[in-house]
Every structure is written in C-alpha cells, then in structure tokens.
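As provided, coords_15.txt (compact mmCIF, C-alpha atoms) reads as follows.
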```
# COMPACT_ATOMS: atom_id res chain seq x y z
CA MET A 435 -90.35 91.56 -28.91
CA SER A 436 -86.78 91.89 -30.16
CA MET A 437 -84.09 93.21 -27.85
CA SER A 438 -82.50 96.59 -28.34
CA SER A 439 -78.93 96.71 -29.56
CA TYR A 440 -76.36 99.22 -28.33
CA TYR A 441 -72.75 100.07 -29.12
CA ILE A 442 -71.01 101.26 -25.95
CA HIS A 443 -67.93 103.41 -26.45
CA LYS A 444 -65.70 104.95 -23.79
CA VAL A 445 -64.20 108.15 -25.17
CA GLY A 446 -60.41 108.41 -25.19
CA SER A 447 -58.17 111.47 -24.93
CA GLN A 448 -56.65 111.12 -28.39
CA GLU A 449 -60.10 110.73 -29.96
CA MET A 450 -61.11 114.04 -28.41
CA GLY A 451 -58.11 115.83 -29.92
CA SER A 452 -56.01 115.70 -26.73
CA VAL A 453 -57.62 118.93 -25.50
CA GLU A 454 -56.05 118.44 -22.06
CA ARG A 455 -52.63 119.23 -23.51
CA ASN A 456 -53.70 122.27 -25.53
CA ASN A 457 -55.56 124.66 -23.17
CA GLY A 458 -58.90 123.02 -23.88
CA LYS A 459 -58.60 123.26 -27.68
CA PRO A 460 -58.39 120.16 -29.90
CA GLN A 461 -54.98 119.52 -31.42
CA ARG A 462 -56.59 117.46 -34.21
CA GLY A 463 -59.96 116.34 -35.50
CA ARG A 464 -62.30 114.64 -33.02
CA TYR A 465 -63.74 111.20 -33.74
CA PHE A 466 -65.00 107.90 -32.34
CA LEU A 467 -62.56 105.05 -33.03
CA ILE A 468 -64.74 102.00 -33.74
CA ALA A 469 -63.49 98.61 -32.55
CA LYS A 470 -63.19 96.02 -35.32
CA GLU A 471 -65.12 93.40 -33.38
CA CYS A 472 -68.05 95.84 -33.18
CA LEU A 473 -68.18 96.66 -36.91
CA PRO A 474 -71.25 94.46 -37.63
CA PHE A 475 -73.26 97.03 -35.63
CA PHE A 476 -72.60 99.61 -38.38
CA PRO A 477 -73.02 99.65 -42.20
CA HIS A 478 -70.78 97.31 -44.14
CA LEU A 479 -67.37 98.65 -45.17
CA SER A 480 -65.02 97.03 -47.64
CA SER A 481 -61.55 96.13 -46.42
CA VAL A 482 -60.13 96.17 -49.96
CA ALA A 483 -61.69 99.31 -51.51
CA LEU A 484 -59.22 102.03 -50.53
CA ASN A 485 -60.52 104.25 -47.70
CA ASP A 486 -64.09 103.00 -48.05
CA LYS A 487 -66.83 104.93 -46.26
CA ALA A 488 -70.57 104.71 -45.79
CA PRO A 489 -73.30 107.15 -44.76
CA VAL A 490 -74.86 106.85 -41.30
CA PHE A 491 -77.85 108.70 -39.85
CA ILE A 492 -77.29 109.70 -36.21
CA ILE A 493 -79.89 111.29 -33.91
CA PRO A 494 -78.26 113.15 -30.97
CA THR A 495 -80.60 112.72 -27.99
CA TYR A 496 -79.08 115.67 -26.13
CA ILE A 497 -80.19 118.53 -28.41
CA GLU A 498 -83.57 120.23 -28.25
CA LYS A 499 -85.01 119.14 -31.60
CA THR A 500 -85.01 115.64 -33.04
CA VAL A 501 -82.95 115.61 -36.24
CA LYS A 502 -81.17 113.00 -38.29
CA VAL A 503 -77.56 114.05 -38.83
CA LEU A 504 -76.04 112.51 -41.95
CA CYS A 505 -72.48 111.49 -41.09
CA THR A 506 -70.01 109.03 -42.54
CA ILE A 507 -68.17 106.08 -41.09
CA ASP A 508 -64.70 105.84 -42.61
CA TYR A 509 -62.41 102.83 -42.94
CA HIS A 510 -58.78 103.91 -43.26
CA ASN A 511 -57.63 100.58 -44.65
CA GLN A 512 -54.36 101.28 -46.45
CA LYS A 513 -52.84 98.13 -44.96
CA HIS A 514 -55.38 95.88 -46.70
CA SER A 515 -56.51 97.80 -49.79
CA LEU A 516 -56.12 96.22 -53.23
CA ILE A 517 -54.70 99.57 -54.37
CA ASP A 518 -51.05 100.13 -53.43
CA TYR A 519 -50.73 102.81 -50.76
CA VAL A 520 -48.00 105.40 -51.20
CA GLY A 521 -47.03 106.77 -47.79
CA ASP A 522 -45.12 106.10 -44.63
CA ASN A 523 -47.90 105.19 -42.20
CA PRO A 524 -50.60 102.91 -43.67
CA ARG A 525 -53.54 102.63 -41.27
CA ASP A 526 -56.12 100.03 -40.39
CA GLU A 527 -58.84 101.74 -38.36
CA VAL A 528 -62.49 102.76 -38.56
CA ARG A 529 -63.69 106.18 -37.42
CA ILE A 530 -66.88 108.19 -37.14
CA TYR A 531 -65.72 111.80 -37.29
CA MET A 532 -67.37 114.25 -34.93
CA ASN A 533 -68.73 117.64 -35.93
CA GLN A 534 -70.72 120.56 -34.58
CA GLN A 535 -74.03 118.76 -35.10
CA ILE A 536 -73.23 115.78 -32.86
CA ASP A 537 -70.51 117.41 -30.75
CA PRO A 538 -71.71 120.98 -30.11
CA ASP A 539 -69.11 123.09 -28.29
CA LEU A 540 -66.90 120.05 -27.56
CA TYR A 541 -69.82 118.30 -25.84
CA PHE A 542 -67.99 115.00 -25.34
CA LYS A 543 -65.11 114.78 -22.85
CA THR A 544 -62.47 112.14 -22.21
CA GLY A 545 -63.96 109.35 -20.11
CA ASP A 546 -67.55 109.93 -21.26
CA LEU A 547 -69.59 107.00 -22.52
CA ALA A 548 -71.04 107.41 -26.02
CA VAL A 549 -74.00 105.06 -26.38
CA PHE A 550 -75.29 104.32 -29.89
CA GLU A 551 -78.66 102.55 -30.19
CA LYS A 552 -79.68 101.00 -33.50
CA PHE A 553 -83.19 101.37 -34.96
CA VAL A 554 -84.66 100.02 -38.20
CA VAL A 555 -87.44 102.26 -39.53
CA ASP A 556 -89.11 101.23 -42.82
CA GLY A 557 -85.96 99.39 -43.77
CA GLU A 558 -83.68 102.32 -42.99
CA ILE A 559 -81.05 101.98 -40.23
CA ILE A 560 -80.81 104.94 -37.84
CA TYR A 561 -78.62 105.36 -34.75
CA SER A 562 -79.35 107.45 -31.68
CA LEU A 563 -76.39 108.85 -29.73
CA THR A 564 -76.46 109.48 -25.97
CA ARG A 565 -73.71 110.79 -23.69
CA ILE A 566 -73.38 109.38 -20.15
CA ARG A 567 -70.91 110.99 -17.74
CA ASP A 568 -69.21 109.65 -14.65
CA GLY A 569 -71.71 109.85 -11.78
CA GLU A 570 -74.81 109.77 -14.02
CA ASP A 571 -77.32 106.91 -14.13
CA GLY A 572 -75.91 103.92 -15.92
CA TYR A 573 -72.25 104.98 -15.98
CA ALA A 574 -71.08 102.51 -13.34
CA PHE A 575 -73.16 99.68 -14.81
CA LEU A 576 -71.83 100.19 -18.34
CA GLY A 577 -68.31 100.73 -17.08
CA GLN A 578 -68.42 97.31 -15.41
CA PHE A 579 -69.94 95.83 -18.58
CA LEU A 580 -67.08 97.20 -20.65
CA TYR A 581 -64.53 95.87 -18.20
CA GLU A 582 -66.02 92.38 -18.42
CA ASN A 583 -66.80 92.28 -22.15
CA ALA A 584 -64.61 94.69 -24.11
CA ARG A 585 -61.49 93.46 -25.86
CA LYS A 586 -58.29 93.85 -23.89
CA PRO A 587 -56.27 95.98 -23.30
CA HIS A 588 -58.41 99.04 -24.00
CA ARG A 589 -61.77 97.79 -22.62
CA SER A 590 -63.51 100.70 -24.31
CA ASN A 591 -65.88 99.19 -26.92
CA ALA A 592 -68.58 96.53 -26.70
CA ILE A 593 -72.04 95.60 -27.98
CA TYR A 594 -74.87 95.36 -25.45
CA GLU A 595 -78.02 93.40 -26.27
CA GLY A 596 -81.00 94.17 -24.05
CA GLU A 597 -82.73 97.24 -22.67
CA LEU A 598 -80.98 100.19 -21.05
CA VAL A 599 -83.71 102.16 -19.32
CA PHE A 600 -81.41 105.11 -18.66
CA VAL A 601 -80.81 105.68 -22.40
CA GLN A 602 -83.30 108.12 -23.93
CA LYS A 603 -85.37 106.93 -26.89
CA PRO A 604 -85.63 109.50 -29.70
CA ALA A 605 -88.92 110.39 -31.37
CA ILE A 606 -88.31 108.79 -34.75
CA GLY A 607 -90.44 109.67 -37.78
CA ILE A 608 -89.96 109.75 -41.53
CA ASP A 609 -90.62 113.49 -41.55
CA MET A 610 -87.63 114.31 -39.35
CA HIS A 611 -85.42 117.15 -40.46
CA ILE A 612 -82.08 116.01 -41.90
CA GLU A 613 -78.84 117.86 -41.31
CA VAL A 614 -75.63 117.05 -43.14
CA SER A 615 -72.47 116.90 -41.07
CA ASN A 616 -69.30 118.62 -42.23
CA ASP A 617 -67.54 115.37 -43.11
CA ALA A 618 -70.57 114.02 -44.98
CA GLU A 619 -70.91 117.27 -46.92
CA ASP A 620 -67.28 117.02 -48.01
CA TYR A 621 -67.90 113.40 -48.92
CA LEU A 622 -70.94 114.25 -51.03
CA LYS A 623 -69.24 117.19 -52.70
CA SER A 624 -66.04 115.35 -53.63
CA ALA A 625 -64.94 116.36 -57.08
CA SER A 626 -66.00 114.26 -60.05
CA THR A 627 -63.86 113.83 -63.14
CA ASP A 628 -66.90 113.41 -65.37
CA ILE A 629 -69.45 116.24 -65.19
CA LEU A 630 -72.36 116.25 -67.62
CA SER A 631 -74.19 119.29 -68.86
CA HIS A 632 -78.00 119.21 -68.67
CA GLU A 633 -78.17 119.05 -72.45
CA GLU A 634 -76.17 115.79 -72.50
CA ASP A 635 -78.08 113.98 -69.75
CA ASP A 636 -81.16 112.15 -71.07
CA THR A 637 -82.02 110.97 -67.57
CA LEU A 638 -83.16 114.48 -66.68
CA ILE A 639 -85.95 114.22 -69.24
CA VAL A 640 -87.10 110.89 -67.79
CA GLU A 641 -87.04 112.28 -64.24
CA GLN A 642 -89.07 115.31 -65.25
CA GLN A 643 -91.64 113.34 -67.25
CA MET A 644 -92.15 110.74 -64.52
CA GLY A 645 -92.27 113.14 -61.58
CA GLY A 646 -89.04 112.10 -59.92
CA GLN A 647 -89.39 114.79 -57.25
CA LEU A 648 -92.51 113.06 -55.88
CA PHE A 649 -90.54 110.14 -54.45
CA ASN A 650 -88.21 109.92 -51.45
CA SER A 651 -85.77 107.38 -50.05
CA VAL A 652 -88.49 105.51 -48.14
CA THR A 653 -90.97 105.20 -51.01
CA PHE A 654 -88.11 104.40 -53.40
CA ARG A 655 -87.07 101.40 -51.35
CA GLN A 656 -90.65 100.25 -50.85
CA PHE A 657 -91.51 100.42 -54.56
CA VAL A 658 -88.27 98.82 -55.74
CA LEU A 659 -88.35 95.88 -53.33
CA PHE A 660 -92.03 95.31 -54.12
CA ALA A 661 -91.35 95.37 -57.87
CA TYR A 662 -88.65 92.71 -57.53
CA GLU A 663 -90.79 90.53 -55.27
CA TYR A 664 -88.45 91.15 -52.31
CA ARG A 665 -85.63 89.19 -53.94
CA CYS A 666 -82.33 90.13 -55.55
CA ALA A 667 -82.82 90.84 -59.27
CA ILE A 668 -79.65 88.91 -60.11
CA THR A 669 -79.53 85.92 -57.75
CA ARG A 670 -83.28 85.84 -56.92
CA LYS A 671 -82.27 85.09 -53.34
CA VAL A 672 -82.62 86.93 -50.05
CA ILE A 673 -81.35 86.43 -46.51
CA ARG A 674 -83.93 87.55 -43.96
CA TYR A 675 -84.36 87.30 -40.22
CA GLY A 676 -87.03 89.45 -38.57
CA ASP A 677 -86.36 93.06 -39.56
CA LEU A 678 -82.88 92.21 -40.84
CA CYS A 679 -82.45 91.71 -44.56
CA ASN A 680 -79.51 91.73 -46.99
CA LEU A 681 -81.66 93.24 -49.76
CA GLU A 682 -81.16 96.87 -50.84
CA ALA A 683 -82.59 99.23 -53.46
CA ALA A 684 -79.63 100.13 -55.68
CA HIS A 685 -79.69 103.38 -57.64
CA ILE A 686 -78.74 102.97 -61.30
CA LYS A 687 -77.94 106.65 -61.75
CA PRO A 688 -76.43 107.37 -58.32
CA GLN A 689 -77.86 109.84 -55.85
CA ALA A 690 -74.43 111.49 -55.82
CA HIS A 691 -74.96 112.25 -59.53
CA ASN A 692 -78.37 113.74 -58.73
CA GLY A 693 -80.19 110.54 -59.60
CA GLN A 694 -83.71 110.79 -58.21
CA PHE A 695 -85.78 108.24 -56.31
CA LEU A 696 -87.77 107.04 -59.31
CA PRO A 697 -88.56 103.32 -59.07
CA CYS A 698 -87.31 102.84 -62.66
CA ASN A 699 -83.93 104.16 -61.44
CA GLY A 700 -83.69 101.32 -58.94
CA ILE A 701 -82.91 97.60 -58.91
CA ALA A 702 -83.22 95.28 -55.91
CA MET A 703 -79.82 93.75 -55.13
CA SER A 704 -78.19 91.88 -52.30
CA ARG A 705 -75.79 94.03 -50.32
CA ASP A 706 -72.61 92.58 -51.85
CA LEU A 707 -73.87 93.00 -55.43
CA HIS A 708 -75.06 96.53 -54.63
CA PHE A 709 -71.52 97.32 -53.50
CA ALA A 710 -70.03 95.86 -56.71
CA PHE A 711 -72.60 97.71 -58.88
CA ASP A 712 -71.81 101.05 -57.21
CA LYS A 713 -68.07 100.51 -57.66
CA GLY A 714 -68.48 99.65 -61.36
CA PHE A 715 -67.47 96.00 -61.18
CA PHE A 716 -70.45 95.25 -63.42
CA THR A 717 -73.24 96.98 -65.26
CA ILE A 718 -76.47 95.96 -67.02
CA ASP A 719 -77.03 96.24 -70.75
CA ASN A 720 -80.23 97.33 -72.46
CA ASN A 721 -81.33 93.70 -72.80
CA TYR A 722 -81.14 93.42 -69.01
CA ASN A 723 -78.08 91.17 -69.01
CA VAL A 724 -75.23 91.52 -66.51
CA LEU A 725 -72.00 92.74 -68.08
CA VAL A 726 -68.99 92.15 -65.81
CA ALA A 727 -65.85 94.23 -66.41
CA SER A 728 -63.34 92.50 -68.67
CA GLN A 729 -60.62 93.10 -66.05
CA LEU A 730 -62.36 90.50 -63.89
CA LYS A 731 -62.22 87.73 -66.52
CA GLY A 732 -61.10 84.50 -64.92
CA SER A 733 -62.46 85.47 -61.50
CA GLU A 734 -65.25 83.54 -59.80
CA PHE A 735 -67.35 86.69 -59.85
CA TYR A 736 -67.04 86.93 -63.65
CA LYS A 737 -67.79 83.24 -64.20
CA GLU A 738 -70.87 83.31 -61.99
CA PHE A 739 -72.55 86.52 -63.11
CA ASN A 740 -71.38 87.65 -66.55
CA GLY A 741 -74.24 87.25 -69.03
CA THR A 742 -76.85 86.58 -66.34
CA HIS A 743 -80.29 87.86 -67.33
CA ILE A 744 -81.78 89.79 -64.42
CA PHE A 745 -85.36 89.57 -63.25
CA VAL A 746 -87.34 92.38 -64.89
CA PRO A 747 -90.65 93.66 -63.46
CA GLN A 748 -93.59 93.26 -65.82
CA VAL A 749 -95.03 96.70 -65.11
CA GLU A 750 -93.32 99.31 -67.30
CA PHE A 751 -93.26 101.86 -64.49
CA TYR A 752 -90.85 99.65 -62.51
CA LYS A 753 -88.57 98.42 -65.32
CA PRO A 754 -85.02 99.81 -65.26
CA ASN A 755 -85.16 102.76 -67.63
CA LYS A 756 -82.62 102.46 -70.44
CA ALA A 757 -81.52 106.08 -70.07
CA PHE A 758 -80.39 105.24 -66.52
CA LEU A 759 -78.73 102.00 -67.68
CA ASP A 760 -76.86 103.99 -70.36
CA TYR A 761 -75.76 106.44 -67.68
CA HIS A 762 -74.38 103.69 -65.46
CA ARG A 763 -72.44 102.10 -68.31
CA GLU A 764 -70.95 105.43 -69.37
CA HIS A 765 -70.11 106.97 -66.00
CA ILE A 766 -69.92 104.26 -63.30
CA PHE A 767 -68.91 101.03 -65.03
CA GLN A 768 -65.22 100.12 -64.59
CA THR A 769 -64.43 103.13 -62.35
CA TYR A 770 -63.69 100.90 -59.30
CA SER A 771 -63.99 103.83 -56.92
CA GLN A 772 -66.31 105.54 -54.46
CA ILE A 773 -69.06 107.41 -56.30
CA ARG A 774 -68.43 111.15 -56.06
CA ARG A 775 -70.96 113.94 -56.23
CA LEU A 776 -70.99 115.95 -59.45
```
Can the structure from this file be put into structure tokens for me?
Amino acid sequence: MSMSSYYIHKVGSQEMGSVERNNGKPQRGRYFLIAKECLPFFPHLSSVALNDKAPVFIIPTYIEKTVKVLCTIDYHNQKHSLIDYVGDNPRDEVRIYMNQQIDPDLYFKTGDLAVFEKFVVDGEIIYSLTRIRDGEDGYAFLGQFLYENARKPHRSNAIYEGELVFVQKPAIGIDMHIEVSNDAEDYLKSASTDILSHEEDDTLIVEQQMGGQLFNSVTFRQFVLFAYEYRCAITRKVIRYGDLCNLEAAHIKPQAHNGQFLPCNGIAMSRDLHFAFDKGFFTIDNNYNVLVASQLKGSEFYKEFNGTHIFVPQVEFYKPNKAFLDYHREHIFQTYSQIRRL
C-alpha cells in the first residue's frame, strides 16, 4: 500500500489579508503562498511562460457536502519569464488564491494549519483541504514537524509522507458536484482575441455527429490513452511508477474553446509536449506530421521533433479528426500564450 502524501502549510498574516490591522476585514486578496521546494506536490507550472497557471481540484473537508472546487494555482514569475516584464516589482512566487468556496466567511485564520492531501482517481489528481487549529488534534505534532523539516527562516511549508489519522478523508467519486471558484471562473472566461461564429466552426458538426456530449473528462482520458497504447503519440515513450505517470490526454481543440471530450479530439502526449502543444509551439498537419513553429528553428526542440510522424490509432473513431487539427493550426499554433476561453 502506498503512503499518503500531504502538503502542510502554516497560514501567515499577510496571506490572510492582514485582517488583524483592518478591523477583521482583509486589506487584500487571501491566498496560500506555496513554497518552491514543495511545488512537485502540485501540477507542473512553467517558469518561463509569463504568469503561468494550472487548474486544481480541491475538496474542502469542512463543508457539509463533498464537492470538487475548481481553483487555479498561479506562478507569478516575472523575474524568470522569457517575455520582458514591464513594471517596478517583478515577482517570483506561487499562490493558490482563496475564495468563498474554500474559505467561507474568512474560515482560515493566521496560525492555522492548512493540510492538503493528494489523491489520484482514475488518473485525475484531486486535493482535499483540511484546517487544523491550535489546540486541535494534530496541531502540535505538525507544528513540530514543520519546525524540523520546513525551510528556514519561515518554517511554514513542508511535505509529509505517511498517514495522518487526524486528517479527514473525503468521499471521492466521479459523480461529485463541481463548483468553479471565482479565480478559476475569471481564468476560464479570459477574453479571446479570436472568436469564431458557429457557422465558421466545422468542429461543431463533428461533435454533434459523434455525440460529443456523451463523454466526460474521465472517459476521454481512458479512451485516448487506450487508443495510443498508453504511450506518447510523438515519442512513443512513457515514464510510469505505480499510479504516477507523465502521460496526459491533450485536447486538440481546447476545452477553453468549447472543445468536447471526443476521443478523436485527443492525443496522448507526455506532459512536456502537452504543455508545448497547448502553448502553440507545434501543431500537427493533416498527414499526422509534427510541424514546429518556424520561430524555433535552430533549437533542439525543432531539430528533434519537426517532421516527426506521430503514432495514429488504426480505429477511425480514435484518429485525430482533421477538423480539430485544422482548428489547432488556425487558432492555437504560434500563439505562445495561455489558452483563453472564447
């Protein structure tokens, strides 16, 4: 049996909006500041894509019903980004912003312990979130653990491997209700500079004819990874250890552009290639060859992958549909930015 994995975080005054200095009201947005040495616990974030962010599902264990709250983890990385930052105070910090769903009525207070536990359910990573206050079971134990293991001088963040019996386990199921946090909603609704009308989008016809609404994120991943024999379509490699795997089901027409969970709208890719595909570093032509952006000519990435013929499933149902490939080439390729919702 594998050990449980926890991220232990002691909440600071500034993270909570410095409510002590403002009659109990936050002076600024509330967030969890994630320690860099603990980042492997969370989804991968690029240090060079300006202000990269990733979605995270969080289950608060302290509310009555079990729900997955869709949040984002944000890397404010102006100090390292490949894009020149214009401003006076470039930052280098990772935050999970709080909201009413995971912080109802200013639930967390300075000095509380926020305990995140990681779960992998059908290939999807989910985090539970538990609050432990001074005097409650486990507070002294985890406080000592932080003191001995957290990075100096703050001693407020550390990863714990093992079982914490005083941390509540959520009832996890694929039919759980999903709520979208305020920050994630803003993230998903960010303006796009390229909006298509229904008449111009051939992918809508494919989705309707093939019953795109019948699939969900879980079945999408299962079908796509099965179709590509549980290997990356481009490298034909995979890194796997137990439940951990670097293989992902990449949308061709992004979810943020209303791309549905049809298997023919997916390609199995390793995590780094999925990132590059989503950012438009490369695309795939209608002959199923990799086309790397001309701006990357001379780079190792270009030399290794440009012109590579991807693995293509034999069953027509699973093959990347050319309407989706056209869409990616026209609207994602060479954008070099976070995909925004239409």
Could you please determine the separation between atom CA of Cys698 of chain A and atom CA of Phe745 of chain A in Å, to one decimal place?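 Taking atom CA of Cys698 of chain A as the start and atom CA of Phe745 of chain A as the end point, the length is 13.4 Å.
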Interatomic distance (Å, one decimal) between atom CA of Asp556 of chain A and atom CA of Gln694 of chain A: 18.9 Å
From A:Asp719, A:Glu454, A:Glu597, A:Asp537, residue lying nearest Ile492 of chain A [all atoms listed in the file]: A:Asp537
First collect every listed atom of segment 684-699 of chain A; then fit an axis-aligned box around them, widen it by 6 Å on each side, and give centre and edge lengths in Å to one decimal, as AutoDock Vina command-line options.
```
--center_x -81.5 --center_y 106.9 --center_z -59.2 --size_x 26.1 --size_y 25.6 --size_z 19.0
```
Mind checking which residues fall within 7 Å of Gln461 of chain A, counting all atoms listed in the file, ignoring those fewer than 6 positions away in the same chain, and posting them as a list in words?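 What passes the distance filter is Gly451, Ser452 and Val453 of chain A.
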Would you mind reading off the distance between atom CA of His588 of chain A and atom CA of His478 of chain A, one decimal, in Å?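 Those two atoms sit 23.7 Å apart.
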Within 8 Å of Asn591 of chain A, counting all atoms listed in the file, which residues show up once you throw out same-chain ones fewer than 6 positions away? Write them as a ChimeraX atom specification, please. /A:441-444,468-469,472,580,584-585
From the options A:Val652, A:Leu725, A:Val490, A:Leu678, which residue's atoms come nearest to Ile507 of chain A, counting all atoms listed in the file? A:Val490
From (-65.6, 95.3, -64.9), in the file's coordinates, out to 7 Å: which residues are reached, counting all atoms listed in the file? Answer as a ChimeraX atom specification. /A:714-716,726-730,767-768
Can you tell me which residues surround His510 of chain A at a distance of at most 8 Å, considering only C-alpha atoms, apart from same-chain residues fewer than 2 positions away, and format the answer as a PDB file with C-alpha atoms, in the coordinates of the input?
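Output (result.pdb):
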```pdb
ATOM      1  CA  LEU A 484     -59.220 102.030 -50.530  1.00  0.00           C
ATOM      2  CA  ASN A 485     -60.520 104.250 -47.700  1.00  0.00           C
ATOM      3  CA  ASP A 486     -64.090 103.000 -48.050  1.00  0.00           C
ATOM      4  CA  ASP A 508     -64.700 105.840 -42.610  1.00  0.00           C
ATOM      5  CA  GLN A 512     -54.360 101.280 -46.450  1.00  0.00           C
ATOM      6  CA  ARG A 525     -53.540 102.630 -41.270  1.00  0.00           C
ATOM      7  CA  ASP A 526     -56.120 100.030 -40.390  1.00  0.00           C
ATOM      8  CA  GLU A 527     -58.840 101.740 -38.360  1.00  0.00           C
ATOM      9  CA  VAL A 528     -62.490 102.760 -38.560  1.00  0.00           C
ATOM     10  CA  ARG A 529     -63.690 106.180 -37.420  1.00  0.00           C
TER      11      ARG A 529
END
```
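The neighbours of Gly572 of chain A here are the residues that come within 12 Å of it, using only C-alpha atoms and leaving out any residue fewer than 5 positions away in the same chain; they are A:Ile442, A:Asp546, A:Leu547, A:Ala548, A:Val549, A:Thr564, A:Arg565, A:Ile566, A:Arg567, A:Gly577, A:Gln578, A:Phe579, A:Glu597, A:Leu598, A:Val599, A:Phe600, A:Val601, A:Gln602.
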Excluding same-chain residues fewer than 4 positions from Ile560 of chain A, what lies within 9 Å of it counting only C-alpha atoms, as number ranges by chain? A: 490-493, 502, 551-555, 606
Which residue is closest to Phe542 of chain A? Choose from A:Ala605, A:Val445, A:Thr506, A:Ser480 and count only C-alpha atoms.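 Looking only at the distances to Phe542 of chain A, the closest residue turns out to be A:Val445.
For the residues A:Glu570, A:Glu750, A:Asp760, A:Glu682, ranking by smallest atom-to-atom distance to Thr717 of chain A using only C-alpha atoms places A:Asp760 first.
Proximity of A:Leu479, A:Cys679, A:Leu540, A:Ile773 to Tyr465 of chain A, computed with only C-alpha atoms, is greatest for A:Leu540.
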Pick out the closest residue to Lys586 of chain A from this set: A:His685, A:Gly693, A:Thr742, A:Glu471. Count all atoms listed in the file. A:Glu471
Residues proximal to (-89.4, 97.1, -58.3) were defined as those with any atom within 7 Å of that point in the file's coordinates, counting only C-alpha atoms. Which are they, as a VMD selection string? chain A and resid 657 to 662 697 701 to 702 747 752
For the selection you just gave me, I'd like the residues written to a file as a short mmCIF file (atom, residue, chain, number, x, y, z; two decimals), in the coordinates of the input, keeping C-alpha atoms.
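Final output, saved to out_38.cif:
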```
data_model
loop_
_atom_site.label_atom_id
_atom_site.label_comp_id
_atom_site.auth_asym_id
_atom_site.auth_seq_id
_atom_site.Cartn_x
_atom_site.Cartn_y
_atom_site.Cartn_z
CA PHE A 657 -91.51 100.42 -54.56
CA VAL A 658 -88.27 98.82 -55.74
CA LEU A 659 -88.35 95.88 -53.33
CA PHE A 660 -92.03 95.31 -54.12
CA ALA A 661 -91.35 95.37 -57.87
CA TYR A 662 -88.65 92.71 -57.53
CA PRO A 697 -88.56 103.32 -59.07
CA ILE A 701 -82.91 97.60 -58.91
CA ALA A 702 -83.22 95.28 -55.91
CA PRO A 747 -90.65 93.66 -63.46
CA TYR A 752 -90.85 99.65 -62.51
#
```
